[in-house]
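A.B. asks: Please see the structure below; I have some questions.
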Amino acid sequence: MEDWLTLAVLLLAATLRVATPLILCALGALFCERSGLIDIGLEGKMLAAAFAAAAAAAVTHSALAGLGAGLLTALALALLHGYACITHRGNQVVSGVAINILAAGLTIVFGMAWFKQGGQTPSLPPEARFMPIVWPGASAIRSVPIVGPLYANLISGHNLIVYAALLAAPLVHWIVMSTRFGLRLRAVGEAPLAVDAAGVSVSWLRYRALIICGLMTGIAGTYLSIAQNAAFSRDMTAGQGFIALAALIFGKWKPFPVFGACLMFGLFDAASIRLQGVRIGGLGEVPVQLIQVLPYVLTVVMLAGFIGGAVAPKAIGVPYEKEH
Amino acid sequence: MSARRRSLPRWIEVGVIPIVNVAIAFLIAGLVVLLIGANPLEAVRILVYGAFGYPEAIGYTLYYATNFIFTGLAVALAFHAGLFNIGGEGQAYIGGLGVGLVLLAFDTTLPPPLLIPLAIIAAAAFGAAWAAVPACLQAYRGSHIVITTIMFNFIASALMVYLLVNVLIAPGSMSPETREFAAGGQLPFIHDLLASAGIEMASSPLNVAIFLAIGCCVLAWVFLWHTPWGFEFRATGYNAQAAAYAGIKLRRVTLLAMCLSGALAGLVGVNEIAGVHHRLILNFAAGYGFGGIAVALMGRNHPLGVILASLLFGALYQGGAELAFEIPAITKETVVVIQGLVILFCGALANLPRAPLASLLALVRRGRPALAGET
């Protein structure tokens, strides 16, 4: 019983840690896509932010400076996306692909040139990172059955960004569903012409959505390199930007379902690490790759409309041309 | 706004804008090189020498270009039908699986004249099949092809890891790769062919798959501009609604375009697996699928343009390796940066030079009649 509980708590705690970048990234992309812009550049924004954060933290020995650099870098890439897709009405998918490839190349080129460690950044001391926060009384209560491990290992002991990601879900829900900005954001993704006719600038709304998206993916990237890990390593996002995109679709572009999808995909990831080489009675060894592709397979099935169906914002991918 | 919308003369559209776009991309790549403390002009000199300076380098350049022709053509063909095939990476990977399976099964039993065509067909069929699923989902269930093809890239990658680690791995091998194919399952290298004709050439991975690539370009050109199906593709890509009213079956176009596109991408497997590695390995297609997007955009979706852009990217790959060797500050990932910049400026920001060029043209034209009026 006790063993089972410990295992569950460890698994859930690991889930929170791997789901954090997904949550931040997917909820950021929610703003972008609800405003009518496809964002497949999440991976690139997150990777670039991870590199910038680790590089800045390595030079300044300050986690906050790292966060600042991560935010600015992802923001710059988000604005580049906006400049191409909103101002110049370019192809949104092409722009996203360009951002991903640029980030993959630039992080290594600059990493090698500046730090000369094969694309890695120097390993960071604790004061340059976001370290786990131990809640008051965690060690005292640890030995209490059931409540102890839950409090000490699941609720306490994560870094600041994990808690921020958990708070982001209700916050994003409130902004998107209950504020004037949120209403206009949803409207511009469905019927930009109507928003324009109401005298609200379509471009400025979409730019604001991109700014939020950039900042949130920036936090996600920062988390990867200076909170979850102690350095940047090449291609460290390893497809998480695309998993976040999958979660956004799987959650049907709605804040709480997206949050739930991120937790579920996080659980898959945490479980796949735990299940490595484990034999399950009767089935033999479960291939790790099978669990790793589950988010992608589920999203494809979802998109095909076999479980519930996902309907994208109507105006997504269509550049808006103001009439005269 | 009105200046940007006004159509520009054809020679500017076809001749000037693409060159300006590529020039901007390379200018910024030069700035990046400058930023990391190297001399861009020196870098260009080494790059050109590394790509074309000696026979072995030319062989490598053409070998890399072969892959880019396949994936670039794949993206271009789908673009003509108004579809964005971002899944070239996965289709190429699975195409290689097809080649590998055929060669592993028959390399000792079938004679090469039968075996090699079979391997090529398998590459195309596997690539097409991997593209067919997203195509069906788009045609019949309305799921967005961009998203599904991305997801299929990841699924392909996981599938290949599983197969190579657990199923196809050569007995006793430590690394996840299959056994080597027998000699009959290996495409001839160009340097071997030339040697048998009495011409000496430095050895390189360049093999006869390059002729297949050029043949595909010719076929694609004939298909797109000289067959009714090609017309259907282009009509759908230009205006799907009008095409539907004209009686073109959009679903069929989607399915056919994606399958042909996937088949072309799958042929990367012929060059890599049957041509060079002679065994199935992991990640042999890495980067070519996305590189194909840059190639198609740069080549303006025309087979000839694809060949030229592939040569450029092949040269960048080969010259980039030389560059990384000569100037330690520059890594071969600089080429990836250039790819990204080309996709950005030839694709997403392709309209960037239109407004300045339009005003420039207007300025020139306004000047002329005024002069004529004075005399």
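Letters for chains follow the order of the structure tokens (A, B, ...), residue numbers begin at 1 for each chain, and ligand numbers begin at 1 in the order shown.
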List every residue of chain A that has an atom at most 9 Å from any atom of chain B, giving for each one its closest atom pair and the distance in Å to one decimal, counting only C-alpha atoms, sorted by chain and then by ascending residue number, as a tab-separated table.
C.D. replies:
```
residue	atom	partner	partner_atom	distance
A:Ile40	CA	B:Ile147	CA	8.7
A:His81	CA	B:Ala348	CA	8.6
A:Tyr83	CA	B:Leu349	CA	8.4
A:Ala84	CA	B:Leu349	CA	5.3
A:Cys85	CA	B:Ala348	CA	7.1
A:His88	CA	B:Asn351	CA	6.3
A:Arg89	CA	B:Ala348	CA	8.1
A:Gly90	CA	B:Ala348	CA	4.5
A:Asn91	CA	B:Ala348	CA	5.2
A:Gln92	CA	B:Ala348	CA	7.0
A:Val93	CA	B:Val146	CA	7.9
A:Val94	CA	B:Ala348	CA	5.6
A:Ser95	CA	B:Ala348	CA	4.9
A:Gly96	CA	B:Ala348	CA	8.6
A:Val97	CA	B:Ile343	CA	7.7
A:Ala98	CA	B:Gly340	CA	4.7
A:Ile99	CA	B:Gly340	CA	6.9
A:Asn100	CA	B:Gly340	CA	7.7
A:Ile101	CA	B:Gly340	CA	5.0
A:Leu102	CA	B:Gly340	CA	4.6
A:Ala103	CA	B:Val337	CA	7.8
A:Ala104	CA	B:Val336	CA	7.4
A:Gly105	CA	B:Val337	CA	4.7
A:Leu106	CA	B:Val337	CA	6.0
A:Ile108	CA	B:Glu333	CA	6.7
A:Val109	CA	B:Thr331	CA	6.1
A:Phe110	CA	B:Ile36	CA	6.9
A:Met112	CA	B:Ala329	CA	7.1
A:Ala113	CA	B:Ala329	CA	5.3
A:Trp114	CA	B:Ile36	CA	7.7
A:Lys116	CA	B:Ala329	CA	8.5
A:Gly239	CA	B:Phe154	CA	8.3
A:Phe242	CA	B:Met151	CA	8.0
A:Ile243	CA	B:Met151	CA	8.9
A:Leu245	CA	B:Ile147	CA	8.7
A:Ala246	CA	B:Met151	CA	8.1
A:Pro287	CA	B:Tyr162	CA	7.4
A:Val288	CA	B:Tyr162	CA	8.4
A:Gln289	CA	B:Ala158	CA	5.4
A:Leu290	CA	B:Ala158	CA	7.6
A:Gln292	CA	B:Ala158	CA	7.6
A:Val293	CA	B:Ile155	CA	5.8
A:Leu294	CA	B:Ile155	CA	8.8
A:Pro295	CA	B:Met151	CA	8.9
A:Tyr296	CA	B:Met151	CA	5.3
A:Val297	CA	B:Met151	CA	7.4
A:Thr299	CA	B:Met151	CA	8.0
A:Val300	CA	B:Thr148	CA	5.9
A:Met302	CA	B:Ser143	CA	9.0
A:Leu303	CA	B:Ser143	CA	5.3
A:Ala304	CA	B:Arg141	CA	5.3
A:Gly305	CA	B:Arg141	CA	6.8
A:Ala310	CA	B:Ser143	CA	8.7
```
A.B. asks: Would you pick out the contacts of Ala122 of chain B at 12 Å or less, using only C-alpha atoms, so that residues sharing its chain but fewer than 5 positions from it are not included, and give the list as a list in words?
C.D. replies: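 Returned residues: Ala92, Ile94, Gly95, Gly96, Leu97, Gly98, Val99, Gly100, Leu101, Val102, Leu103, Leu115, Ile116, Pro117, Gly127, Ala128, Ala129, Ala263, Leu264, Gly266, Leu267, Val268, Gly269, Val270 and Ala274 of chain B.
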A.B. asks: Select from segment 105-354 of chain B everything DSSP, run on the backbone, classes as alpha helix (DSSP H), then give the selection as a PyMOL selection string.
C.D. replies: chain B and resi 105-106+112-141+145-162+190-196+209-226+228-238+240-245+250-266+268-269+288-298+303-326+334-343+354
A.B. asks: From the set B:Leu110, B:Gly320, B:Gly59, B:Ile121, which residue has the shortest atom-to-atom contact distance to Leu212 of chain B, counting only C-alpha atoms?
C.D. replies: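 With only C-alpha atoms as the atom set, the closest residue is B:Ile121.
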A.B. asks: For Ile17 of chain B, which residue out of B:Ala131, B:Cys217, B:Met298, B:Leu312 is the nearest one, using only C-alpha atoms?
C.D. replies: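 Checking each of B:Ala131, B:Cys217, B:Met298, B:Leu312 against Ile17 of chain B, counting only C-alpha atoms, the winner is B:Met298.
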A.B. asks: Please provide as a ChimeraX atom specification all residues within 7 Å of segment 169-184 of chain A, with the sequence filter that same-chain residues fewer than 3 positions apart are discarded (counting only C-alpha atoms).
C.D. replies: /A:166,187-188,255-256,259
A.B. asks: Using only C-alpha atoms, can you tell me which of A:Leu67, A:Ala152, A:Leu37, A:Leu22 comes closest to Leu215 of chain A?
C.D. replies: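 Of the candidates, the smallest distance to Leu215 of chain A is held by A:Leu67.
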A.B. asks: Could you work out how far atom CA of Ala25 of chain B lies from atom CA of Glu326 of chain B, giving the answer in Å with one decimal?
C.D. replies: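 Rounded to one decimal, the two atoms are 23.1 Å apart.
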